[in-house]
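S.K.: Provided below: upload01.cif, containing mmCIF, C-alpha atoms.
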```cif
data_query
#
loop_
_atom_site.group_PDB
_atom_site.id
_atom_site.type_symbol
_atom_site.label_atom_id
_atom_site.label_comp_id
_atom_site.auth_asym_id
_atom_site.auth_seq_id
_atom_site.Cartn_x
_atom_site.Cartn_y
_atom_site.Cartn_z
ATOM 1 C CA MET A 1 118.909 52.593 81.064
ATOM 2 C CA LYS A 2 117.229 50.530 78.329
ATOM 3 C CA LYS A 3 118.352 50.834 74.739
ATOM 4 C CA GLU A 4 114.985 52.328 73.767
ATOM 5 C CA GLU A 5 115.445 55.071 76.345
ATOM 6 C CA ILE A 6 118.917 55.827 75.028
ATOM 7 C CA TYR A 7 117.557 56.187 71.485
ATOM 8 C CA GLU A 8 114.674 58.310 72.725
ATOM 9 C CA LYS A 9 117.139 60.702 74.340
ATOM 10 C CA LEU A 10 119.418 60.571 71.307
ATOM 11 C CA ASN A 11 116.508 61.541 69.088
ATOM 12 C CA GLN A 12 115.854 64.555 71.306
ATOM 13 C CA VAL A 13 119.513 65.589 71.070
ATOM 14 C CA PHE A 14 119.675 65.141 67.292
ATOM 15 C CA GLN A 15 116.429 67.053 66.819
ATOM 16 C CA GLU A 16 117.702 69.932 68.957
ATOM 17 C CA VAL A 17 121.189 70.086 67.415
ATOM 18 C CA PHE A 18 119.956 69.920 63.822
ATOM 19 C CA ASP A 19 116.785 71.908 64.567
ATOM 20 C CA ASP A 20 114.684 69.274 62.824
ATOM 21 C CA GLU A 21 111.882 67.494 64.689
ATOM 22 C CA SER A 22 111.504 64.910 61.960
ATOM 23 C CA ILE A 23 114.879 63.275 62.661
ATOM 24 C CA LEU A 24 114.674 59.750 64.033
ATOM 25 C CA VAL A 25 117.981 57.936 64.415
ATOM 26 C CA SER A 26 118.645 54.202 64.474
ATOM 27 C CA GLU A 27 121.702 52.000 64.897
ATOM 28 C CA GLY A 28 122.727 52.391 61.293
ATOM 29 C CA THR A 29 122.294 56.160 61.014
ATOM 30 C CA THR A 30 125.456 57.926 59.807
ATOM 31 C CA ALA A 31 126.441 61.467 58.849
ATOM 32 C CA ASP A 32 125.446 60.644 55.268
ATOM 33 C CA ASP A 33 121.818 60.307 56.368
ATOM 34 C CA ILE A 34 121.517 63.803 57.882
ATOM 35 C CA GLU A 35 122.161 66.663 55.509
ATOM 36 C CA ASP A 36 123.621 69.149 57.998
ATOM 37 C CA TRP A 37 125.848 66.649 59.838
ATOM 38 C CA ASP A 38 129.249 68.157 59.047
ATOM 39 C CA SER A 39 132.394 68.336 61.166
ATOM 40 C CA LEU A 40 131.214 71.415 63.082
ATOM 41 C CA GLU A 41 127.826 69.923 63.882
ATOM 42 C CA HIS A 42 129.556 66.699 64.883
ATOM 43 C CA ILE A 43 131.346 68.622 67.626
ATOM 44 C CA ASN A 44 128.076 70.223 68.734
ATOM 45 C CA LEU A 45 126.434 66.814 68.705
ATOM 46 C CA VAL A 46 129.124 65.159 70.825
ATOM 47 C CA VAL A 47 128.985 67.956 73.402
ATOM 48 C CA ALA A 48 125.165 67.841 73.472
ATOM 49 C CA VAL A 49 125.152 64.043 73.920
ATOM 50 C CA GLU A 50 127.697 64.302 76.747
ATOM 51 C CA LYS A 51 125.509 66.860 78.523
ATOM 52 C CA LYS A 52 122.279 64.926 77.963
ATOM 53 C CA PHE A 53 123.646 61.680 79.438
ATOM 54 C CA GLY A 54 126.030 63.252 81.967
ATOM 55 C CA ILE A 55 129.002 61.378 80.543
ATOM 56 C CA LYS A 56 132.312 62.203 78.891
ATOM 57 C CA PHE A 57 133.631 60.508 75.791
ATOM 58 C CA ASN A 58 137.350 60.416 75.110
ATOM 59 C CA MET A 59 138.836 61.672 71.878
ATOM 60 C CA GLY A 60 139.538 58.156 70.589
ATOM 61 C CA GLU A 61 135.908 57.135 70.994
ATOM 62 C CA VAL A 62 134.653 60.221 69.221
ATOM 63 C CA ASN A 63 136.923 59.557 66.246
ATOM 64 C CA ARG A 64 135.944 55.876 66.066
ATOM 65 C CA PHE A 65 132.156 56.254 65.967
ATOM 66 C CA LYS A 66 131.055 54.888 62.593
ATOM 67 C CA ASN A 67 127.328 55.232 63.214
ATOM 68 C CA VAL A 68 124.782 56.121 65.882
ATOM 69 C CA GLY A 69 124.713 52.497 67.045
ATOM 70 C CA GLU A 70 128.352 52.653 68.130
ATOM 71 C CA MET A 71 127.690 55.908 69.936
ATOM 72 C CA ALA A 72 124.669 54.344 71.707
ATOM 73 C CA ASP A 73 126.742 51.290 72.716
ATOM 74 C CA THR A 74 129.403 53.530 74.227
ATOM 75 C CA ILE A 75 126.748 55.509 76.095
ATOM 76 C CA ALA A 76 125.204 52.271 77.429
ATOM 77 C CA ALA A 77 128.589 50.993 78.612
ATOM 78 C CA ARG A 78 129.454 54.337 80.222
ATOM 79 C CA ILE A 79 126.160 54.564 82.107
ATOM 80 C CA LYS A 80 126.580 51.042 83.539
ATOM 81 C CA VAL A 81 129.985 51.850 85.070
ATOM 82 C CA MET B 1 149.454 87.816 71.123
ATOM 83 C CA LYS B 2 148.614 84.965 73.466
ATOM 84 C CA GLU B 3 149.290 81.403 72.340
ATOM 85 C CA TYR B 4 147.150 79.208 74.585
ATOM 86 C CA MET B 5 146.629 75.647 73.402
ATOM 87 C CA TYR B 6 143.697 73.553 74.634
ATOM 88 C CA ALA B 7 145.828 71.813 77.267
ATOM 89 C CA ASP B 8 146.868 75.181 78.733
ATOM 90 C CA LEU B 9 143.325 76.204 79.598
ATOM 91 C CA GLN B 10 141.487 75.791 82.856
ATOM 92 C CA ILE B 11 138.013 76.849 83.930
ATOM 93 C CA GLY B 12 138.110 80.439 85.157
ATOM 94 C CA LEU B 13 141.176 81.531 83.198
ATOM 95 C CA ALA B 14 140.471 85.076 81.994
ATOM 96 C CA GLU B 15 141.910 87.628 79.592
ATOM 97 C CA ALA B 16 140.781 91.190 78.906
ATOM 98 C CA PHE B 17 141.497 94.174 76.686
ATOM 99 C CA THR B 18 140.092 97.655 76.127
ATOM 100 C CA TYR B 19 138.855 99.307 72.939
ATOM 101 C CA LEU B 20 137.929 102.928 72.249
ATOM 102 C CA VAL B 21 135.041 103.308 69.807
ATOM 103 C CA THR B 22 135.779 106.249 67.489
ATOM 104 C CA GLU B 23 134.071 108.082 64.651
ATOM 105 C CA GLU B 24 136.627 106.470 62.347
ATOM 106 C CA CYS B 25 135.560 102.979 63.459
ATOM 107 C CA MET B 26 131.963 103.825 62.585
ATOM 108 C CA ASN B 27 132.931 105.180 59.166
ATOM 109 C CA PHE B 28 135.009 102.095 58.357
ATOM 110 C CA PHE B 29 132.232 99.788 59.470
ATOM 111 C CA ARG B 30 129.611 101.647 57.416
ATOM 112 C CA LYS B 31 131.812 101.470 54.305
ATOM 113 C CA MET B 32 132.638 97.802 54.810
ATOM 114 C CA THR B 33 129.095 96.614 55.446
ATOM 115 C CA GLY B 34 126.926 99.124 53.614
ATOM 116 C CA ASP B 35 124.697 99.442 56.681
ATOM 117 C CA VAL B 36 123.472 103.019 56.324
ATOM 118 C CA ASN B 37 120.602 102.672 58.778
ATOM 119 C CA PRO B 38 119.956 106.143 60.276
ATOM 120 C CA LEU B 39 120.104 104.827 63.849
ATOM 121 C CA HIS B 40 123.877 104.660 63.265
ATOM 122 C CA CYS B 41 124.253 107.633 60.900
ATOM 123 C CA SER B 42 121.792 110.329 62.031
ATOM 124 C CA GLU B 43 121.977 111.942 65.462
ATOM 125 C CA ASN B 44 118.518 113.454 64.950
ATOM 126 C CA TYR B 45 116.927 110.115 64.043
ATOM 127 C CA ALA B 46 118.595 108.389 67.009
ATOM 128 C CA LYS B 47 117.387 111.075 69.439
ATOM 129 C CA ILE B 48 113.823 110.948 68.111
ATOM 130 C CA HIS B 49 113.862 107.250 68.980
ATOM 131 C CA GLY B 50 115.041 107.800 72.525
ATOM 132 C CA PHE B 51 118.793 107.355 72.264
ATOM 133 C CA SER B 52 121.200 110.024 73.433
ATOM 134 C CA ASP B 53 123.261 109.916 70.219
ATOM 135 C CA ARG B 54 123.959 107.771 67.162
ATOM 136 C CA VAL B 55 124.143 104.152 68.264
ATOM 137 C CA VAL B 56 127.295 102.214 67.500
ATOM 138 C CA TYR B 57 126.673 99.190 65.298
ATOM 139 C CA GLY B 58 126.029 96.164 67.489
ATOM 140 C CA MET B 59 128.009 94.075 65.071
ATOM 141 C CA LEU B 60 130.957 96.429 65.478
ATOM 142 C CA SER B 61 130.946 95.675 69.197
ATOM 143 C CA ALA B 62 130.387 91.999 68.437
ATOM 144 C CA SER B 63 133.386 91.990 66.093
ATOM 145 C CA LEU B 64 135.565 92.415 69.179
ATOM 146 C CA LEU B 65 134.819 88.769 69.946
ATOM 147 C CA SER B 66 137.070 88.040 66.992
ATOM 148 C CA THR B 67 139.860 90.032 68.645
ATOM 149 C CA LEU B 68 139.237 88.356 71.971
ATOM 150 C CA GLY B 69 139.489 84.856 70.515
ATOM 151 C CA GLY B 70 142.139 85.498 67.905
ATOM 152 C CA VAL B 71 144.514 87.607 69.960
ATOM 153 C CA TYR B 72 143.844 87.060 73.661
ATOM 154 C CA LEU B 73 141.951 83.899 74.573
ATOM 155 C CA PRO B 74 143.113 81.519 73.264
ATOM 156 C CA GLY B 75 145.034 83.693 70.780
ATOM 157 C CA LYS B 76 147.224 82.604 67.896
ATOM 158 C CA TYR B 77 145.858 79.083 67.401
ATOM 159 C CA CYS B 78 142.190 79.982 67.819
ATOM 160 C CA LEU B 79 139.533 78.639 65.489
ATOM 161 C CA ILE B 80 136.180 80.265 66.241
ATOM 162 C CA ARG B 81 133.370 77.803 65.617
ATOM 163 C CA GLN B 82 130.417 79.707 66.993
ATOM 164 C CA ALA B 83 129.767 83.120 68.490
ATOM 165 C CA HIS B 84 126.610 84.031 70.385
ATOM 166 C CA THR B 85 125.900 87.580 71.480
ATOM 167 C CA LYS B 86 123.264 89.535 73.354
ATOM 168 C CA PHE B 87 123.178 93.324 73.197
ATOM 169 C CA LEU B 88 122.261 94.708 76.597
ATOM 170 C CA ARG B 89 122.778 98.464 76.297
ATOM 171 C CA PRO B 90 123.569 100.883 73.465
ATOM 172 C CA VAL B 91 127.196 101.755 72.789
ATOM 173 C CA TYR B 92 128.066 105.326 71.726
ATOM 174 C CA ILE B 93 131.015 106.887 69.944
ATOM 175 C CA GLY B 94 133.677 107.704 72.534
ATOM 176 C CA ASP B 95 132.829 104.744 74.766
ATOM 177 C CA MET B 96 135.795 102.830 76.150
ATOM 178 C CA LEU B 97 134.872 99.164 76.118
ATOM 179 C CA THR B 98 136.472 96.512 78.271
ATOM 180 C CA VAL B 99 136.155 93.056 76.780
ATOM 181 C CA THR B 100 136.674 90.134 79.140
ATOM 182 C CA GLY B 101 136.738 86.472 78.211
ATOM 183 C CA THR B 102 136.644 83.706 80.806
ATOM 184 C CA VAL B 103 137.027 79.984 80.147
ATOM 185 C CA TYR B 104 133.606 78.598 81.038
ATOM 186 C CA GLU B 105 133.519 75.034 79.715
ATOM 187 C CA LEU B 106 136.150 72.615 78.443
ATOM 188 C CA HIS B 107 135.142 69.638 76.298
ATOM 189 C CA ASP B 108 138.091 67.259 76.180
ATOM 190 C CA SER B 109 136.585 64.792 73.698
ATOM 191 C CA VAL B 110 136.456 67.407 70.943
ATOM 192 C CA GLU B 111 139.033 69.855 72.372
ATOM 193 C CA GLN B 112 136.555 72.700 72.346
ATOM 194 C CA ALA B 113 136.522 75.545 74.844
ATOM 195 C CA VAL B 114 133.543 77.746 75.617
ATOM 196 C CA ILE B 115 134.571 81.284 76.501
ATOM 197 C CA LYS B 116 132.098 83.448 78.388
ATOM 198 C CA VAL B 117 132.323 87.016 77.101
ATOM 199 C CA GLU B 118 131.386 90.206 78.866
ATOM 200 C CA MET B 119 131.757 93.709 77.458
ATOM 201 C CA LYS B 120 131.419 96.754 79.714
ATOM 202 C CA ASN B 121 131.562 100.494 79.054
ATOM 203 C CA GLN B 122 133.518 103.099 81.037
ATOM 204 C CA ALA B 123 130.639 103.338 83.541
ATOM 205 C CA ASP B 124 131.081 99.621 84.298
ATOM 206 C CA GLU B 125 127.721 98.830 82.661
ATOM 207 C CA ALA B 126 127.446 95.584 80.700
ATOM 208 C CA VAL B 127 126.735 96.371 77.049
ATOM 209 C CA LEU B 128 127.156 92.889 75.575
ATOM 210 C CA LYS B 129 127.279 89.340 76.813
ATOM 211 C CA GLY B 130 128.134 86.328 74.761
ATOM 212 C CA ARG B 131 129.802 82.988 74.269
ATOM 213 C CA LEU B 132 132.611 81.952 71.969
ATOM 214 C CA TYR B 133 132.993 78.308 71.014
ATOM 215 C CA VAL B 134 136.581 77.775 69.970
ATOM 216 C CA GLY B 135 138.720 74.968 68.653
ATOM 217 C CA PHE B 136 142.460 74.978 68.157
ATOM 218 C CA LEU B 137 144.744 74.850 65.133
ATOM 219 C CA GLU B 138 147.872 72.717 65.307
ATOM 220 C CA ARG B 139 151.227 74.407 65.788
ATOM 221 C CA ARG B 140 152.826 74.106 62.373
ATOM 222 C CA GLU B 141 155.532 76.763 62.399
ATOM 223 C CA LYS B 142 159.073 75.591 61.646
#
```
Represent the structure from my file as structure tokens, please.

M.R.:
Amino acid sequence: MKKEEIYEKLNQVFQEVFDDESILVSEGTTADDIEDWDSLEHINLVVAVEKKFGIKFNMGEVNRFKNVGEMADTIAARIKV
Amino acid sequence: MKEYMYADLQIGLAEAFTYLVTEECMNFFRKMTGDVNPLHCSENYAKIHGFSDRVVYGMLSASLLSTLGGVYLPGKYCLIRQAHTKFLRPVYIGDMLTVTGTVYELHDSVEQAVIKVEMKNQADEAVLKGRLYVGFLERREK
């Protein structure tokens, strides 16, 4: 899956989780950029991303994500395996 | 009180309890919430609108999801993050409800369990269906 496709799917997930069709994420997007991105929504987001891509993160990965770019890189690596 | 931790759960694990809805429950709920809608307070009004008696507050039934999560599944260390409910049939005073929770999804990366909830009356009719999304507190007792 190309990086653009990953971000396209990520945008769909973010828009659904935060109920905001205007959200467009990029590599540098963090929780500070999305008003409702708190710890509860982070959990919802992780679960929604796992379902969308058919993958499972581990707890260490989830805690290490500093921005959407790191999440996308992990998704890309997981899909290749 | 059950004390399941995330690692103790498996898909399909179920817990259940029963609850008798009484006049007293309705009075407490009305006083607590201030919901004086006649559907719940007036037998005449309820019957005019096609119900056989005053209808028990849906949120009273839904509040049993708190009991399910906090006491039975997972119990003591439960942290309810979301609760979704659908009301399928009216509940009346005197109904004996059976509340069943079944582990439906487990999300290891965030240690969150999704509990499928079903509530039935004494006639074995489903009155409520729902989902509980629960996390877990750490054991901190000495």

S.K.: For chain A against chain B, with a cut-off of 10 Å and counting all atoms listed in the file, what is the closest atom pair and its distance in Å to one decimal for every residue that makes the cut, ordered by chain and number, as a tab-separated table?

M.R.:
```
residue	atom	partner	partner_atom	distance
A:Leu40	CA	B:Arg81	CA	7.2
A:Glu41	CA	B:Arg81	CA	9.8
A:His42	CA	B:Val110	CA	9.2
A:Ile43	CA	B:Val110	CA	6.2
A:Asn44	CA	B:Val110	CA	9.1
A:Val46	CA	B:Val110	CA	7.7
A:Val47	CA	B:His107	CA	7.0
A:Glu50	CA	B:His107	CA	9.2
A:Lys56	CA	B:Ser109	CA	7.2
A:Phe57	CA	B:Ser109	CA	5.6
A:Asn58	CA	B:Ser109	CA	4.7
A:Met59	CA	B:Ser109	CA	4.3
A:Gly60	CA	B:Ser109	CA	7.9
A:Glu61	CA	B:Ser109	CA	8.1
A:Val62	CA	B:Ser109	CA	6.7
A:Asn63	CA	B:Ser109	CA	9.1
```

S.K.: Need to verify the contact set: segment 15-32 of chain A, 10 Å, only C-alpha atoms, exclusion of same-chain residues closer than 6 positions in sequence. Can you return it as a PyMOL selection string?

M.R.: chain A and resi 7-9+38-39+41-42+44-46+48-49+65-73

S.K.: To test your reading of the syntax: which residues would the PyMOL selection byres ((chain B and resi 97) around 9) return for the file shown? Reply as a ChimeraX atom specification.

M.R.: /B:17-21,61,91,95-96,98-99,119-122,127

S.K.: Pull C-alpha atoms from the residues just selected and write them as a compact mmCIF listing (two decimals), keeping the file's coordinate frame.

M.R.:
```
# COMPACT_ATOMS: atom_id res chain seq x y z
CA PHE B 17 141.50 94.17 76.69
CA THR B 18 140.09 97.66 76.13
CA TYR B 19 138.85 99.31 72.94
CA LEU B 20 137.93 102.93 72.25
CA VAL B 21 135.04 103.31 69.81
CA SER B 61 130.95 95.68 69.20
CA VAL B 91 127.20 101.76 72.79
CA ASP B 95 132.83 104.74 74.77
CA MET B 96 135.79 102.83 76.15
CA THR B 98 136.47 96.51 78.27
CA VAL B 99 136.16 93.06 76.78
CA MET B 119 131.76 93.71 77.46
CA LYS B 120 131.42 96.75 79.71
CA ASN B 121 131.56 100.49 79.05
CA GLN B 122 133.52 103.10 81.04
CA VAL B 127 126.74 96.37 77.05
```

S.K.: Rank B:Gly94, B:Gly50, B:Gly130, B:Gly34 by their smallest atom-to-atom distance to Ala62 of chain B, using only C-alpha atoms, and report the top residue only.

M.R.: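 Selected residue with least distance to Ala62 of chain B: B:Gly130.
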
S.K.: Name the residues that the PyMOL selection byres ((chain B and resi 137) around 12) pulls out of this structure, and write them as a list in words.

M.R.: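 Applying the expression gives Glu3, Tyr4, Met5, Tyr6, Gly70, Pro74, Gly75, Lys76, Tyr77, Cys78, Leu79, Ile80, Arg81, Glu111, Gln112, Val134, Gly135, Phe136, Glu138, Arg139, Arg140 and Glu141 of chain B.
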
S.K.: Excluding Asn27 of chain B and residues on its chain fewer than 2 positions from it, collect all residues at most 12 Å away from it, counting all atoms listed in the file, and give them as a ChimeraX atom specification.

M.R.: /B:21-25,29-36,40-41,56-57,60,93

S.K.: Just the selected residues (C-alpha atoms), exported as a PDB file, in the frame of the given file, please.

M.R.:
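selection-v9.pdb was written with the following content:
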```pdb
ATOM      1  CA  VAL B  21     135.041 103.308  69.807  1.00  0.00           C
ATOM      2  CA  THR B  22     135.779 106.249  67.489  1.00  0.00           C
ATOM      3  CA  GLU B  23     134.071 108.082  64.651  1.00  0.00           C
ATOM      4  CA  GLU B  24     136.627 106.470  62.347  1.00  0.00           C
ATOM      5  CA  CYS B  25     135.560 102.979  63.459  1.00  0.00           C
ATOM      6  CA  PHE B  29     132.232  99.788  59.470  1.00  0.00           C
ATOM      7  CA  ARG B  30     129.611 101.647  57.416  1.00  0.00           C
ATOM      8  CA  LYS B  31     131.812 101.470  54.305  1.00  0.00           C
ATOM      9  CA  MET B  32     132.638  97.802  54.810  1.00  0.00           C
ATOM     10  CA  THR B  33     129.095  96.614  55.446  1.00  0.00           C
ATOM     11  CA  GLY B  34     126.926  99.124  53.614  1.00  0.00           C
ATOM     12  CA  ASP B  35     124.697  99.442  56.681  1.00  0.00           C
ATOM     13  CA  VAL B  36     123.472 103.019  56.324  1.00  0.00           C
ATOM     14  CA  HIS B  40     123.877 104.660  63.265  1.00  0.00           C
ATOM     15  CA  CYS B  41     124.253 107.633  60.900  1.00  0.00           C
ATOM     16  CA  VAL B  56     127.295 102.214  67.500  1.00  0.00           C
ATOM     17  CA  TYR B  57     126.673  99.190  65.298  1.00  0.00           C
ATOM     18  CA  LEU B  60     130.957  96.429  65.478  1.00  0.00           C
ATOM     19  CA  ILE B  93     131.015 106.887  69.944  1.00  0.00           C
TER      20      ILE B  93
END
```

S.K.: Restricting the calculation to all atoms listed in the file: of B:Ile48, B:Ala7, B:Val117, B:Leu128, which residue gets closest to Thr67 of chain B?

M.R.: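 Looking only at the distances to Thr67 of chain B, the closest residue turns out to be B:Val117.
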
S.K.: Taking all atoms of segment 37-50 of chain B that the file lists and extending 3 Å past them on each side, where is the centre of the axis-aligned box and how long are its edges? Answer in Å to one decimal, as JSON.

M.R.:
```
{"center_x": 119.0, "center_y": 108.1, "center_z": 65.7, "size_x": 16.4, "size_y": 16.8, "size_z": 19.7}
```

S.K.: In Å, rounded to a single decimal, give me how far atom CA of Glu105 of chain B is from atom CA of Gly12 of chain B.

M.R.: 8.9 Å

S.K.: Please measure the separation of atom CA of Glu125 of chain B and atom CA of Ala113 of chain B, giving the value in Å to one decimal.

M.R.: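 Atom-to-atom, atom CA of Glu125 of chain B to atom CA of Ala113 of chain B, that is 26.1 Å.
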
S.K.: Supply segment 26-47 of chain A as an mmCIF file, in the coordinates of the input, with N, CA, C and O atoms built in where the input has gaps.

M.R.:
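Wrote it out as selection_29.cif, contents follow:
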```cif
data_model
loop_
_atom_site.group_PDB
_atom_site.id
_atom_site.type_symbol
_atom_site.label_atom_id
_atom_site.label_comp_id
_atom_site.auth_asym_id
_atom_site.auth_seq_id
_atom_site.Cartn_x
_atom_site.Cartn_y
_atom_site.Cartn_z
ATOM 1 N N SER A 26 118.626 55.633 64.153
ATOM 2 C CA SER A 26 118.645 54.202 64.474
ATOM 3 C C SER A 26 120.107 53.766 64.517
ATOM 4 O O SER A 26 121.011 54.584 64.285
ATOM 5 N N GLU A 27 120.314 52.491 64.777
ATOM 6 C CA GLU A 27 121.702 52.000 64.897
ATOM 7 C C GLU A 27 122.548 52.326 63.681
ATOM 8 O O GLU A 27 123.724 52.648 63.775
ATOM 9 N N GLY A 28 121.949 52.237 62.521
ATOM 10 C CA GLY A 28 122.727 52.391 61.293
ATOM 11 C C GLY A 28 122.836 53.810 60.776
ATOM 12 O O GLY A 28 123.454 54.055 59.739
ATOM 13 N N THR A 29 122.254 54.766 61.488
ATOM 14 C CA THR A 29 122.294 56.160 61.014
ATOM 15 C C THR A 29 123.729 56.683 61.009
ATOM 16 O O THR A 29 124.471 56.504 61.977
ATOM 17 N N THR A 30 124.117 57.312 59.904
ATOM 18 C CA THR A 30 125.456 57.926 59.807
ATOM 19 C C THR A 30 125.303 59.383 59.361
ATOM 20 O O THR A 30 124.188 59.839 59.053
ATOM 21 N N ALA A 31 126.445 60.058 59.272
ATOM 22 C CA ALA A 31 126.441 61.467 58.849
ATOM 23 C C ALA A 31 125.876 61.616 57.437
ATOM 24 O O ALA A 31 125.339 62.673 57.091
ATOM 25 N N ASP A 32 125.969 60.569 56.643
ATOM 26 C CA ASP A 32 125.446 60.644 55.268
ATOM 27 C C ASP A 32 123.918 60.742 55.243
ATOM 28 O O ASP A 32 123.338 61.172 54.247
ATOM 29 N N ASP A 33 123.286 60.327 56.333
ATOM 30 C CA ASP A 33 121.818 60.307 56.368
ATOM 31 C C ASP A 33 121.212 61.640 56.814
ATOM 32 O O ASP A 33 120.007 61.838 56.689
ATOM 33 N N ILE A 34 122.040 62.519 57.384
ATOM 34 C CA ILE A 34 121.517 63.803 57.882
ATOM 35 C C ILE A 34 122.282 64.921 57.187
ATOM 36 O O ILE A 34 123.497 65.059 57.353
ATOM 37 N N GLU A 35 121.544 65.695 56.418
ATOM 38 C CA GLU A 35 122.161 66.663 55.509
ATOM 39 C C GLU A 35 123.150 67.623 56.194
ATOM 40 O O GLU A 35 124.216 67.901 55.671
ATOM 41 N N ASP A 36 122.780 68.120 57.370
ATOM 42 C CA ASP A 36 123.621 69.149 57.998
ATOM 43 C C ASP A 36 124.711 68.578 58.907
ATOM 44 O O ASP A 36 125.384 69.328 59.619
ATOM 45 N N TRP A 37 124.882 67.275 58.926
ATOM 46 C CA TRP A 37 125.848 66.649 59.838
ATOM 47 C C TRP A 37 127.265 66.771 59.264
ATOM 48 O O TRP A 37 127.785 65.868 58.643
ATOM 49 N N ASP A 38 127.872 67.936 59.496
ATOM 50 C CA ASP A 38 129.249 68.157 59.047
ATOM 51 C C ASP A 38 130.167 68.127 60.264
ATOM 52 O O ASP A 38 129.734 67.806 61.379
ATOM 53 N N SER A 39 131.426 68.474 60.070
ATOM 54 C CA SER A 39 132.394 68.336 61.166
ATOM 55 C C SER A 39 132.072 69.281 62.332
ATOM 56 O O SER A 39 132.272 68.923 63.491
ATOM 57 N N LEU A 40 131.554 70.467 62.016
ATOM 58 C CA LEU A 40 131.214 71.415 63.082
ATOM 59 C C LEU A 40 130.017 70.900 63.888
ATOM 60 O O LEU A 40 130.034 70.895 65.116
ATOM 61 N N GLU A 41 129.005 70.433 63.178
ATOM 62 C CA GLU A 41 127.826 69.923 63.882
ATOM 63 C C GLU A 41 128.164 68.638 64.644
ATOM 64 O O GLU A 41 127.522 68.322 65.647
ATOM 65 N N HIS A 42 129.146 67.901 64.158
ATOM 66 C CA HIS A 42 129.556 66.699 64.883
ATOM 67 C C HIS A 42 130.073 67.071 66.281
ATOM 68 O O HIS A 42 129.760 66.406 67.271
ATOM 69 N N ILE A 43 130.833 68.148 66.337
ATOM 70 C CA ILE A 43 131.346 68.622 67.626
ATOM 71 C C ILE A 43 130.182 69.040 68.527
ATOM 72 O O ILE A 43 130.120 68.671 69.702
ATOM 73 N N ASN A 44 129.248 69.793 67.951
ATOM 74 C CA ASN A 44 128.076 70.223 68.734
ATOM 75 C C ASN A 44 127.282 69.020 69.232
ATOM 76 O O ASN A 44 126.785 69.011 70.360
ATOM 77 N N LEU A 45 127.183 68.021 68.367
ATOM 78 C CA LEU A 45 126.434 66.814 68.705
ATOM 79 C C LEU A 45 127.089 66.061 69.864
ATOM 80 O O LEU A 45 126.416 65.667 70.828
ATOM 81 N N VAL A 46 128.396 65.883 69.775
ATOM 82 C CA VAL A 46 129.124 65.159 70.825
ATOM 83 C C VAL A 46 128.952 65.874 72.176
ATOM 84 O O VAL A 46 128.644 65.243 73.193
ATOM 85 N N VAL A 47 129.111 67.188 72.153
ATOM 86 C CA VAL A 47 128.985 67.956 73.402
ATOM 87 C C VAL A 47 127.557 67.860 73.941
ATOM 88 O O VAL A 47 127.343 67.673 75.144
#
```
